[in-house]
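For reference, the structure discussed in these notes is given below.
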Amino acid sequence: MNADYSKEPLLEVEGLKQYFRVNRHFTVKAVDGVSFKIWPGETYGLVGESGSGKSTIGRSVIRLYDPTAGKIIFNGTDISGRLSPKTEEMLRTQMQMIFQDPMASLNPRKKVEDIIGEGLDIHHSCKTAAERDETVKEILKKVGLAPEHASRYPHQFSGGQRQRVGIARALVMNPKLIIADECISALDVSIQAQVVNLMKDIQDETGTAFLFIAHDLSMVKYISDRIGVLHLGHLLETGTTDEIYTHPVHPYTRSLLSAIPSPNPVVEKKRVAENYDYAASGIDYSQGTDHLIEGTHHVLGTDEEVNAWLAREPLRYS
Amino acid sequence: MAEREKILEIRGLDISFKTTAGYVHAIRGIDLDLYKGETVAIVGESGSGKSVTMKAAMGILAKNAIVNGGSIQFTYRHDDDTKETVEILKKDKKWIRTHINGKRIAMVFQDPMTSLDPTMTIGKQIMEGMIWHFRTPKEEARSKAVELLKEVGITDAEDRMKNYPHQLSGGMRQRVVIAIALACNPDLLICDEPTTALDVTIQARILELIRRIQKERGISVIYITHDLGVVAKVADYVNVMYAGRIVEKGLINEIYYDPRHPYTWGLLSAMPDLDTDDERLYTIPGSPPNLLHEKQGDAFAPRDRFALVVDDKAEPPMFRVTDTHYAATWLLDPRAPKVEMPPELKVRIERMKKGAGLE
């Protein structure tokens, strides 16, 4: 772990709201007041089921959407309102994204060197063609591909290799923050582990911060320093990986953790996952306030709810 | 224990696909047995041939598939309790369509959105199979469909009958797919990655549902999956596949607590573990082989850090560990040097055994 918490946070998100108006009568509140911080060199894992708004947060932060309300401060600059050309240039070079499906996010008609080099070309980062080639080859080596892969097309690669190209494309701009949106979900188990380890190595080397968006809690554990649990657009619980895994407080977090099947057949056959139904639980997320449990561990809920949750016996995995 | 009744027997199945780039040897000799009421899991990475094997068992192979050899014997009972065994590979598509597909063997696919018809109400889709196979009167089929929806845990079943797939959530859709599969009372249910497209919380509930139904109806289930956690929850027997071959098979406890093949070691080690503070995940180096190019010897050898010289020369046969546990690796040959599984995995298995109260 190489996060530096003494420094100023790299990214500060305050009360972010992202609404999508469907029609006059109906607005989807995909993200409803979410606040979190990411420090330089840190990995923040954002987990939740589909429809919880985790991808929307990533896209709002990198400004693929225009946030409805809230403040986003990145690298000391406010990036939530209209972007001045200078701010936009900073944002587009310092923050990068890796997408879920490596086949769909790579242009099939472009060679790998042009996919990776596109950012360099747009921002005129390289003076000569030779310098550009050199940079591309270096990045390829860093993500575990060979220099001769540069002249190939995306379809000539396997799934894991394609995702490496996606990572290389994000890395080439030397960003301070990379948003990884479900970047391992589409890969095989053995390949997932390779990509997760690669991302950790890269972080050790370059000190890049990651916003790691995933629905698979077991993988998130390996890569994240801190975790935020998201449900229906609300950040329910946040804390260090250890705090979340050993003392989950919110019933939704508990249900997520208990649903992970463990590779221990005798135990797993008897185990029944904890159930959580928002409609039946009587919890209203909009009524909840932020409660500090200990350290950096925060939970969203009313006073009575949090006290009741804390009184329950801890979750056991095996 | 009552006499086990064998319902599916696959012997020496060998399948190639003819593609523009040449022949792809996808299945290279597979043996598999399934008994009534039991659950078998087939585990492997994408491209290892697990789906192709089951498609062959259902007689729904793609047009460019060539069966080089082997047999698939499926045994079922007629209504008057007389047994009949058929050779699936010898029957023509039309016969299989009317006698096997949906009626005796039903399949649940990975993505419920693509396996449901978006232009038909879910009620109609459940009734369709019954009306087609058994000429069930419409009213009777309707009431049966409502019952099935209730059985798979859908509330307000009556109203839901009129819904279209897009009006349901992913978990609900998968429940509907299961209801359709159960509509004709099949003897065998094949689940091809039934929960991969779903959230973990819903995955747990779908697996519990399939298990409950299996117990109530006494049907056999084959799971195709790459998730060893899912397998641990549901399976009695496990077959680990790699590059078109079964490399290790055995009872679930044998595979999880006493794995013998280096590939199984790798798969188990690569599973994220909630109990440890390990910073790094174990990985199997490289990627699965391209079956377009036939390789001499053990297909896993290039990725295997325990590979022996003989692995490049000859393919290992299935070595017997116990009567139910077999593994295809030269490491089990008496002449081979003694190789232990990686120490990290050993520690983990010890811990799992303790957790399970086996020691």
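Numbering starts fresh at 1 for the residues of each chain in the structure tokens, the chains themselves are lettered A, B, ... in the order given, and ligands are numbered from 1 as they appear.
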
Q.
Only residues of chain A matter here; which ones have an atom within 6 Å of chain B, counting only C-alpha atoms? Give them as a ChimeraX atom specification.
A. /A:49,190,193-194,218,256,259,261-263,265-269,318

Any chance you can output those residues with N, CA and C atoms as a PDB file, in the first residue's frame?
```pdb
ATOM      1  N   GLU A  49     -24.584  -3.546  -6.438  1.00  0.00           N
ATOM      2  CA  GLU A  49     -25.162  -4.385  -7.484  1.00  0.00           C
ATOM      3  C   GLU A  49     -25.473  -3.537  -8.712  1.00  0.00           C
ATOM      4  N   SER A 190      -8.587 -16.975 -14.032  1.00  0.00           N
ATOM      5  CA  SER A 190      -7.121 -16.966 -13.961  1.00  0.00           C
ATOM      6  C   SER A 190      -6.576 -15.681 -14.577  1.00  0.00           C
ATOM      7  N   ALA A 193      -6.990 -12.561 -12.172  1.00  0.00           N
ATOM      8  CA  ALA A 193      -5.917 -12.450 -11.195  1.00  0.00           C
ATOM      9  C   ALA A 193      -4.692 -11.799 -11.823  1.00  0.00           C
ATOM     10  N   GLN A 194      -4.377 -12.166 -13.073  1.00  0.00           N
ATOM     11  CA  GLN A 194      -3.228 -11.555 -13.753  1.00  0.00           C
ATOM     12  C   GLN A 194      -3.402 -10.050 -13.880  1.00  0.00           C
ATOM     13  N   SER A 218     -15.080 -10.029  -3.801  1.00  0.00           N
ATOM     14  CA  SER A 218     -13.912 -10.811  -3.425  1.00  0.00           C
ATOM     15  C   SER A 218     -12.654 -10.287  -4.130  1.00  0.00           C
ATOM     16  N   LEU A 256     -24.172  -8.526   0.956  1.00  0.00           N
ATOM     17  CA  LEU A 256     -23.230  -8.638  -0.158  1.00  0.00           C
ATOM     18  C   LEU A 256     -22.085  -9.574   0.200  1.00  0.00           C
ATOM     19  N   ALA A 259     -22.996 -13.233   0.503  1.00  0.00           N
ATOM     20  CA  ALA A 259     -23.408 -13.884  -0.749  1.00  0.00           C
ATOM     21  C   ALA A 259     -22.230 -14.421  -1.540  1.00  0.00           C
ATOM     22  N   PRO A 261     -19.750 -16.867  -2.608  1.00  0.00           N
ATOM     23  CA  PRO A 261     -19.580 -18.286  -2.312  1.00  0.00           C
ATOM     24  C   PRO A 261     -18.125 -18.579  -1.956  1.00  0.00           C
ATOM     25  N   SER A 262     -17.909 -19.384  -0.927  1.00  0.00           N
ATOM     26  CA  SER A 262     -16.532 -19.692  -0.550  1.00  0.00           C
ATOM     27  C   SER A 262     -16.157 -21.045  -1.145  1.00  0.00           C
ATOM     28  N   PRO A 263     -14.901 -21.222  -1.544  1.00  0.00           N
ATOM     29  CA  PRO A 263     -14.511 -22.485  -2.177  1.00  0.00           C
ATOM     30  C   PRO A 263     -14.286 -23.596  -1.161  1.00  0.00           C
ATOM     31  N   PRO A 265     -16.406 -26.662   0.065  1.00  0.00           N
ATOM     32  CA  PRO A 265     -17.690 -27.313  -0.189  1.00  0.00           C
ATOM     33  C   PRO A 265     -18.489 -27.696   1.050  1.00  0.00           C
ATOM     34  N   VAL A 266     -17.818 -28.213   2.077  1.00  0.00           N
ATOM     35  CA  VAL A 266     -18.566 -28.685   3.247  1.00  0.00           C
ATOM     36  C   VAL A 266     -19.288 -27.521   3.924  1.00  0.00           C
ATOM     37  N   VAL A 267     -18.563 -26.389   4.045  1.00  0.00           N
ATOM     38  CA  VAL A 267     -19.150 -25.215   4.669  1.00  0.00           C
ATOM     39  C   VAL A 267     -20.215 -24.606   3.765  1.00  0.00           C
ATOM     40  N   GLU A 268     -19.860 -24.507   2.486  1.00  0.00           N
ATOM     41  CA  GLU A 268     -20.705 -23.782   1.539  1.00  0.00           C
ATOM     42  C   GLU A 268     -22.064 -24.464   1.348  1.00  0.00           C
ATOM     43  N   LYS A 269     -22.087 -25.801   1.433  1.00  0.00           N
ATOM     44  CA  LYS A 269     -23.342 -26.519   1.215  1.00  0.00           C
ATOM     45  C   LYS A 269     -24.364 -26.206   2.290  1.00  0.00           C
ATOM     46  N   SER A 318     -16.296 -18.459   7.295  1.00  0.00           N
ATOM     47  CA  SER A 318     -16.088 -19.877   7.034  1.00  0.00           C
ATOM     48  C   SER A 318     -16.401 -20.730   8.246  1.00  0.00           C
TER      49      SER A 318
END
```

Determine which residues of range 200-301 of chain B DSSP labels as alpha helix (DSSP H) from the backbone of this structure, then write them out as a PDB file with N, CA and C atoms, in the first residue's frame.
```pdb
ATOM      1  N   VAL B 200     -24.141 -10.872  -7.188  1.00  0.00           N
ATOM      2  CA  VAL B 200     -23.834 -11.921  -6.199  1.00  0.00           C
ATOM      3  C   VAL B 200     -25.018 -12.249  -5.292  1.00  0.00           C
ATOM      4  N   THR B 201     -25.747 -11.224  -4.843  1.00  0.00           N
ATOM      5  CA  THR B 201     -26.846 -11.492  -3.915  1.00  0.00           C
ATOM      6  C   THR B 201     -27.923 -12.323  -4.597  1.00  0.00           C
ATOM      7  N   ILE B 202     -28.177 -12.019  -5.882  1.00  0.00           N
ATOM      8  CA  ILE B 202     -29.201 -12.758  -6.614  1.00  0.00           C
ATOM      9  C   ILE B 202     -28.669 -14.131  -6.992  1.00  0.00           C
ATOM     10  N   GLN B 203     -27.369 -14.208  -7.281  1.00  0.00           N
ATOM     11  CA  GLN B 203     -26.744 -15.491  -7.595  1.00  0.00           C
ATOM     12  C   GLN B 203     -27.004 -16.500  -6.486  1.00  0.00           C
ATOM     13  N   ALA B 204     -26.805 -16.067  -5.230  1.00  0.00           N
ATOM     14  CA  ALA B 204     -26.992 -16.979  -4.107  1.00  0.00           C
ATOM     15  C   ALA B 204     -28.425 -17.501  -4.091  1.00  0.00           C
ATOM     16  N   ARG B 205     -29.385 -16.610  -4.355  1.00  0.00           N
ATOM     17  CA  ARG B 205     -30.783 -17.049  -4.286  1.00  0.00           C
ATOM     18  C   ARG B 205     -31.160 -17.978  -5.437  1.00  0.00           C
ATOM     19  N   ILE B 206     -30.618 -17.723  -6.631  1.00  0.00           N
ATOM     20  CA  ILE B 206     -30.917 -18.592  -7.773  1.00  0.00           C
ATOM     21  C   ILE B 206     -30.340 -19.991  -7.533  1.00  0.00           C
ATOM     22  N   LEU B 207     -29.110 -20.044  -6.996  1.00  0.00           N
ATOM     23  CA  LEU B 207     -28.500 -21.346  -6.733  1.00  0.00           C
ATOM     24  C   LEU B 207     -29.286 -22.114  -5.681  1.00  0.00           C
ATOM     25  N   GLU B 208     -29.743 -21.397  -4.640  1.00  0.00           N
ATOM     26  CA  GLU B 208     -30.538 -22.060  -3.611  1.00  0.00           C
ATOM     27  C   GLU B 208     -31.851 -22.571  -4.209  1.00  0.00           C
ATOM     28  N   LEU B 209     -32.405 -21.795  -5.142  1.00  0.00           N
ATOM     29  CA  LEU B 209     -33.649 -22.203  -5.809  1.00  0.00           C
ATOM     30  C   LEU B 209     -33.449 -23.485  -6.614  1.00  0.00           C
ATOM     31  N   ILE B 210     -32.378 -23.519  -7.433  1.00  0.00           N
ATOM     32  CA  ILE B 210     -32.135 -24.705  -8.256  1.00  0.00           C
ATOM     33  C   ILE B 210     -31.931 -25.925  -7.371  1.00  0.00           C
ATOM     34  N   ARG B 211     -31.211 -25.716  -6.270  1.00  0.00           N
ATOM     35  CA  ARG B 211     -30.950 -26.839  -5.373  1.00  0.00           C
ATOM     36  C   ARG B 211     -32.237 -27.367  -4.749  1.00  0.00           C
ATOM     37  N   ARG B 212     -33.130 -26.440  -4.354  1.00  0.00           N
ATOM     38  CA  ARG B 212     -34.385 -26.847  -3.729  1.00  0.00           C
ATOM     39  C   ARG B 212     -35.237 -27.648  -4.722  1.00  0.00           C
ATOM     40  N   ILE B 213     -35.328 -27.111  -5.947  1.00  0.00           N
ATOM     41  CA  ILE B 213     -36.144 -27.779  -6.954  1.00  0.00           C
ATOM     42  C   ILE B 213     -35.590 -29.163  -7.274  1.00  0.00           C
ATOM     43  N   GLN B 214     -34.255 -29.234  -7.326  1.00  0.00           N
ATOM     44  CA  GLN B 214     -33.631 -30.517  -7.620  1.00  0.00           C
ATOM     45  C   GLN B 214     -33.995 -31.552  -6.563  1.00  0.00           C
ATOM     46  N   LYS B 215     -33.980 -31.126  -5.302  1.00  0.00           N
ATOM     47  CA  LYS B 215     -34.302 -32.040  -4.215  1.00  0.00           C
ATOM     48  C   LYS B 215     -35.749 -32.485  -4.311  1.00  0.00           C
ATOM     49  N   GLU B 216     -36.650 -31.519  -4.553  1.00  0.00           N
ATOM     50  CA  GLU B 216     -38.081 -31.828  -4.586  1.00  0.00           C
ATOM     51  C   GLU B 216     -38.441 -32.757  -5.729  1.00  0.00           C
ATOM     52  N   ARG B 217     -37.811 -32.526  -6.892  1.00  0.00           N
ATOM     53  CA  ARG B 217     -38.204 -33.288  -8.072  1.00  0.00           C
ATOM     54  C   ARG B 217     -37.302 -34.474  -8.350  1.00  0.00           C
ATOM     55  N   LEU B 228     -15.431 -21.453  -9.051  1.00  0.00           N
ATOM     56  CA  LEU B 228     -15.284 -22.571  -8.119  1.00  0.00           C
ATOM     57  C   LEU B 228     -16.105 -22.379  -6.852  1.00  0.00           C
ATOM     58  N   GLY B 229     -16.450 -21.131  -6.537  1.00  0.00           N
ATOM     59  CA  GLY B 229     -17.310 -20.882  -5.387  1.00  0.00           C
ATOM     60  C   GLY B 229     -18.705 -21.428  -5.622  1.00  0.00           C
ATOM     61  N   VAL B 230     -19.224 -21.212  -6.831  1.00  0.00           N
ATOM     62  CA  VAL B 230     -20.541 -21.729  -7.189  1.00  0.00           C
ATOM     63  C   VAL B 230     -20.531 -23.248  -7.138  1.00  0.00           C
ATOM     64  N   VAL B 231     -19.467 -23.840  -7.679  1.00  0.00           N
ATOM     65  CA  VAL B 231     -19.359 -25.300  -7.702  1.00  0.00           C
ATOM     66  C   VAL B 231     -19.404 -25.858  -6.279  1.00  0.00           C
ATOM     67  N   ALA B 232     -18.678 -25.206  -5.369  1.00  0.00           N
ATOM     68  CA  ALA B 232     -18.628 -25.675  -3.983  1.00  0.00           C
ATOM     69  C   ALA B 232     -20.019 -25.711  -3.378  1.00  0.00           C
ATOM     70  N   LYS B 233     -20.855 -24.795  -3.800  1.00  0.00           N
ATOM     71  CA  LYS B 233     -22.178 -24.704  -3.216  1.00  0.00           C
ATOM     72  C   LYS B 233     -23.112 -25.804  -3.721  1.00  0.00           C
ATOM     73  N   VAL B 234     -22.959 -26.204  -4.978  1.00  0.00           N
ATOM     74  CA  VAL B 234     -24.001 -27.036  -5.569  1.00  0.00           C
ATOM     75  C   VAL B 234     -23.605 -28.470  -5.923  1.00  0.00           C
ATOM     76  N   ILE B 252     -16.617 -33.922  -4.900  1.00  0.00           N
ATOM     77  CA  ILE B 252     -16.310 -32.516  -4.648  1.00  0.00           C
ATOM     78  C   ILE B 252     -15.266 -32.344  -3.550  1.00  0.00           C
ATOM     79  N   ASN B 253     -15.354 -33.138  -2.483  1.00  0.00           N
ATOM     80  CA  ASN B 253     -14.388 -32.980  -1.398  1.00  0.00           C
ATOM     81  C   ASN B 253     -12.988 -33.387  -1.834  1.00  0.00           C
ATOM     82  N   GLU B 254     -12.914 -34.379  -2.711  1.00  0.00           N
ATOM     83  CA  GLU B 254     -11.593 -34.806  -3.191  1.00  0.00           C
ATOM     84  C   GLU B 254     -10.934 -33.701  -4.001  1.00  0.00           C
ATOM     85  N   ILE B 255     -11.730 -33.037  -4.842  1.00  0.00           N
ATOM     86  CA  ILE B 255     -11.157 -31.992  -5.689  1.00  0.00           C
ATOM     87  C   ILE B 255     -10.746 -30.778  -4.856  1.00  0.00           C
ATOM     88  N   TYR B 256     -11.555 -30.430  -3.866  1.00  0.00           N
ATOM     89  CA  TYR B 256     -11.269 -29.203  -3.117  1.00  0.00           C
ATOM     90  C   TYR B 256     -10.248 -29.410  -2.012  1.00  0.00           C
ATOM     91  N   TYR B 257     -10.251 -30.590  -1.380  1.00  0.00           N
ATOM     92  CA  TYR B 257      -9.346 -30.787  -0.252  1.00  0.00           C
ATOM     93  C   TYR B 257      -8.110 -31.590  -0.624  1.00  0.00           C
ATOM     94  N   PRO B 262      -1.883 -29.928 -11.491  1.00  0.00           N
ATOM     95  CA  PRO B 262      -1.371 -28.558 -11.337  1.00  0.00           C
ATOM     96  C   PRO B 262      -2.381 -27.498 -11.793  1.00  0.00           C
ATOM     97  N   TYR B 263      -3.202 -27.812 -12.778  1.00  0.00           N
ATOM     98  CA  TYR B 263      -4.181 -26.832 -13.231  1.00  0.00           C
ATOM     99  C   TYR B 263      -5.249 -26.586 -12.158  1.00  0.00           C
ATOM    100  N   THR B 264      -5.683 -27.658 -11.508  1.00  0.00           N
ATOM    101  CA  THR B 264      -6.639 -27.498 -10.405  1.00  0.00           C
ATOM    102  C   THR B 264      -6.004 -26.704  -9.271  1.00  0.00           C
ATOM    103  N   TRP B 265      -4.718 -26.975  -9.005  1.00  0.00           N
ATOM    104  CA  TRP B 265      -4.012 -26.179  -7.987  1.00  0.00           C
ATOM    105  C   TRP B 265      -4.091 -24.709  -8.343  1.00  0.00           C
ATOM    106  N   GLY B 266      -3.800 -24.431  -9.623  1.00  0.00           N
ATOM    107  CA  GLY B 266      -3.805 -23.035 -10.066  1.00  0.00           C
ATOM    108  C   GLY B 266      -5.171 -22.407  -9.923  1.00  0.00           C
ATOM    109  N   LEU B 267      -6.203 -23.136 -10.355  1.00  0.00           N
ATOM    110  CA  LEU B 267      -7.567 -22.594 -10.272  1.00  0.00           C
ATOM    111  C   LEU B 267      -7.947 -22.300  -8.826  1.00  0.00           C
ATOM    112  N   LEU B 268      -7.640 -23.234  -7.938  1.00  0.00           N
ATOM    113  CA  LEU B 268      -8.004 -23.037  -6.532  1.00  0.00           C
ATOM    114  C   LEU B 268      -7.205 -21.888  -5.915  1.00  0.00           C
ATOM    115  N   SER B 269      -5.929 -21.788  -6.281  1.00  0.00           N
ATOM    116  CA  SER B 269      -5.107 -20.720  -5.704  1.00  0.00           C
ATOM    117  C   SER B 269      -5.547 -19.356  -6.214  1.00  0.00           C
ATOM    118  N   ALA B 270      -6.042 -19.311  -7.450  1.00  0.00           N
ATOM    119  CA  ALA B 270      -6.409 -18.023  -8.039  1.00  0.00           C
ATOM    120  C   ALA B 270      -7.741 -17.503  -7.507  1.00  0.00           C
TER     121      ALA B 270
END
```

Q.
Please compute the CA of Lys54 in chain A-CA of Asp66 in chain A distance, one decimal, in Å.
A.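 Computed distance, CA of Lys54 in chain A to CA of Asp66 in chain A, equals 15.6 Å.
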
Q: Just give me the gap between CA of Val247 in chain B and CA of Ala328 in chain B in Å, one decimal is fine.
A: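 Distance reported for this atom pair: 4.9 Å.
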
Need the shell around Gln287 in chain A: protein/DNA/RNA residues with any atom at most 10 Å away, counting only C-alpha atoms. Skip same-chain ones fewer than 5 positions apart. Format as a PDB file with N, CA and C atoms, in the first residue's frame?
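Everything below was put into selection-v6.pdb:
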```pdb
ATOM      1  N   LEU A 300     -24.084   5.020   6.782  1.00  0.00           N
ATOM      2  CA  LEU A 300     -25.230   5.886   6.585  1.00  0.00           C
ATOM      3  C   LEU A 300     -26.456   5.252   7.244  1.00  0.00           C
ATOM      4  N   GLY A 301     -27.110   6.003   8.129  1.00  0.00           N
ATOM      5  CA  GLY A 301     -28.314   5.472   8.774  1.00  0.00           C
ATOM      6  C   GLY A 301     -28.792   6.439   9.839  1.00  0.00           C
ATOM      7  N   THR A 302     -29.978   6.176  10.390  1.00  0.00           N
ATOM      8  CA  THR A 302     -30.440   6.998  11.509  1.00  0.00           C
ATOM      9  C   THR A 302     -29.793   6.481  12.789  1.00  0.00           C
TER      10      THR A 302
END
```
